[in-house]
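Below: final-v4.tsv (TSV, C-alpha atoms)
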chain	number	residue	atom	x	y	z
H	1	MET	CA	29.92	-9.66	-50.63
H	2	ASN	CA	26.19	-9.23	-51.04
H	3	HIS	CA	25.50	-10.77	-47.64
H	4	LEU	CA	26.99	-7.83	-45.70
H	5	PRO	CA	24.82	-4.89	-44.62
H	6	GLU	CA	25.27	-1.54	-46.25
H	7	PRO	CA	27.66	0.78	-44.41
H	8	ALA	CA	26.00	3.51	-42.39
H	9	ARG	CA	25.86	6.83	-44.19
H	10	VAL	CA	27.12	9.80	-42.22
H	11	VAL	CA	26.07	13.32	-43.20
H	12	GLN	CA	27.59	16.60	-42.10
H	13	LEU	CA	24.97	19.18	-41.11
H	14	PRO	CA	25.36	22.92	-41.85
H	15	ASP	CA	26.42	23.55	-38.22
H	16	GLY	CA	29.35	21.16	-38.65
H	17	THR	CA	28.07	18.19	-36.66
H	18	HIS	CA	27.94	14.72	-38.11
H	19	VAL	CA	24.84	12.52	-37.87
H	20	TYR	CA	23.72	9.25	-39.34
H	21	ALA	CA	21.52	9.73	-42.39
H	22	ASP	CA	19.02	7.19	-41.02
H	23	LEU	CA	18.21	9.50	-38.09
H	24	LEU	CA	17.28	12.49	-40.26
H	25	PRO	CA	13.56	13.12	-40.71
H	26	ALA	CA	12.45	11.71	-44.02
H	27	ALA	CA	10.13	13.57	-46.33
H	28	CYS	CA	6.57	12.36	-46.03
H	29	ALA	CA	6.01	9.91	-48.83
H	30	GLY	CA	2.40	9.06	-48.01
H	31	PRO	CA	0.63	7.17	-45.30
H	32	GLN	CA	2.66	4.67	-43.38
H	33	VAL	CA	1.39	1.15	-43.02
H	34	VAL	CA	1.53	-0.29	-39.52
H	35	HIS	CA	1.51	-4.06	-39.27
H	36	GLN	CA	-0.06	-5.12	-36.00
H	37	HIS	CA	0.05	-8.75	-35.00
H	38	ILE	CA	-2.65	-9.88	-32.59
H	39	HIS	CA	-2.15	-13.25	-30.98
H	40	GLN	CA	-4.73	-15.22	-29.08
H	41	ALA	CA	-3.34	-16.60	-25.85
H	42	ALA	CA	-4.28	-20.00	-24.55
H	43	PRO	CA	-7.21	-19.87	-22.09
H	44	ASP	CA	-5.02	-20.77	-19.13
H	45	ARG	CA	-2.56	-17.95	-19.83
H	46	THR	CA	-5.00	-15.17	-20.59
H	47	VAL	CA	-5.47	-14.32	-16.92
H	48	GLN	CA	-1.72	-14.46	-16.34
H	49	ARG	CA	-1.07	-12.04	-19.17
H	50	LEU	CA	-3.76	-9.69	-17.89
H	51	ALA	CA	-2.27	-9.83	-14.43
H	52	LEU	CA	1.31	-9.33	-15.55
H	53	GLY	CA	1.16	-6.24	-17.65
H	54	SER	CA	-1.49	-5.79	-20.29
H	55	GLY	CA	-4.91	-4.34	-19.75
H	56	VAL	CA	-6.73	-3.30	-16.61
H	57	GLY	CA	-5.45	-6.23	-14.55
H	58	ALA	CA	-1.92	-4.85	-14.53
H	59	GLY	CA	-2.96	-1.84	-12.47
H	60	ALA	CA	-4.86	-4.02	-10.02
H	61	VAL	CA	-1.90	-6.34	-9.57
H	62	ALA	CA	0.51	-3.42	-9.17
H	63	ALA	CA	-1.76	-1.79	-6.62
H	64	GLY	CA	-2.10	-5.05	-4.72
H	65	VAL	CA	1.64	-5.64	-4.74
H	66	TYR	CA	2.38	-2.10	-3.56
H	67	PHE	CA	-0.52	-1.30	-1.25
H	68	GLY	CA	-1.05	-4.79	0.22
H	69	PRO	CA	2.05	-4.86	2.45
H	70	LEU	CA	1.65	-1.13	3.09
H	71	LEU	CA	-1.89	-1.69	4.36
H	72	VAL	CA	-0.80	-4.60	6.55
H	73	GLY	CA	1.98	-2.46	8.04
H	74	VAL	CA	-0.34	0.46	8.72
H	75	LEU	CA	-2.99	-1.74	10.35
H	76	THR	CA	-0.34	-3.43	12.48
H	77	ALA	CA	0.99	-0.07	13.62
H	78	ILE	CA	-2.53	1.12	14.47
H	79	ALA	CA	-3.26	-2.08	16.41
H	80	ALA	CA	0.02	-1.75	18.31
H	81	ASN	CA	-0.81	1.85	19.23
H	82	ILE	CA	-4.29	0.93	20.44
H	83	ALA	CA	-2.90	-1.98	22.49
H	84	MET	CA	-0.30	0.31	24.05
H	85	LEU	CA	-2.95	2.92	24.90
H	86	ALA	CA	-5.21	0.26	26.44
H	87	PHE	CA	-2.34	-1.06	28.54
H	88	LEU	CA	-1.47	2.47	29.65
H	89	ALA	CA	-5.11	3.15	30.62
H	90	LEU	CA	-5.20	-0.11	32.60
H	91	VAL	CA	-2.01	0.74	34.49
H	92	LEU	CA	-3.23	4.26	35.24
H	93	ALA	CA	-6.61	3.00	36.47
H	94	TRP	CA	-4.91	0.42	38.67
H	95	GLY	CA	-2.60	3.13	40.05
H	96	VAL	CA	-5.48	5.50	40.81
H	97	HIS	CA	-7.43	2.67	42.46
H	98	THR	CA	-4.44	1.71	44.60
H	99	VAL	CA	-3.75	5.31	45.67
H	100	VAL	CA	-7.40	6.00	46.50
H	101	LYS	CA	-7.71	2.72	48.41
H	102	SER	CA	-4.55	3.31	50.45
H	103	THR	CA	-5.28	6.95	51.27
H	104	GLY	CA	-8.97	6.47	52.00
H	105	SER	CA	-10.22	7.21	55.51
H	106	SER	CA	-12.68	5.34	57.69
H	107	GLU	CA	-15.33	7.91	56.74
H	108	GLY	CA	-14.97	6.90	53.10
H	109	ALA	CA	-15.34	3.22	54.03
H	110	ALA	CA	-18.49	4.02	56.05
H	111	ALA	CA	-19.92	5.99	53.10
H	112	VAL	CA	-19.33	3.04	50.78
H	113	LYS	CA	-21.00	0.70	53.28
H	114	ASN	CA	-24.05	3.00	53.50
H	115	ALA	CA	-24.27	3.27	49.72
H	116	ARG	CA	-24.26	-0.54	49.45
H	117	ARG	CA	-27.05	-0.84	52.02
H	118	LEU	CA	-29.16	1.68	50.14
H	119	ALA	CA	-28.61	-0.16	46.88
H	120	ARG	CA	-29.68	-3.45	48.48
H	121	ARG	CA	-32.85	-1.89	49.88
H	122	ARG	CA	-33.81	-0.47	46.48
H	123	ARG	CA	-33.44	-3.89	44.81
H	124	ARG	CA	-35.93	-5.50	47.22
Mind turning the file's structure into structure tokens?
Amino acid sequence: MNHLPEPARVVQLPDGTHVYADLLPAACAGPQVVHQHIHQAAPDRTVQRLALGSGVGAGAVAAGVYFGPLLVGVLTAIAANIAMLAFLALVLAWGVHTVVKSTGSSEGAAAVKNARRLARRRRR
């Protein structure tokens, strides 16, 4: 039965709780050695790995994914507001023009005619 793992050791602490012995802090027995494996990616996948989560590219991709649609939505909303305001200004100007034209008197029409004559004389 040497192929089976060792059973987990359970220790009872002074306060009466039970914990696994593996989770207890071990006494420092010297410096720990950390094995770090560095792999070189193929040239065609290096950019993909940068874009998908390691290095500076991950933040750029995340910002683009998050702020890209947000920016498009904001610009669309701004454009819709400006278009609505322009339409409202056009309708109001048309309404003012119509009201002034319909309520104008013959004196106003004569004044416009005189102003046009003066403008023609000045051009000559």
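Put simply, CA of Lys101 in chain H is 14.3 Å away from CA of Lys113 in chain H.
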As a VMD selection string, please: the residues near Val10 in chain H (cut-off 8 Å, all atoms listed in the file, same-chain neighbours under 6 positions excluded). chain H and resid 18 to 21
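Going from CA of Ala63 in chain H over to CA of Ala79 in chain H, you cover 23.1 Å.
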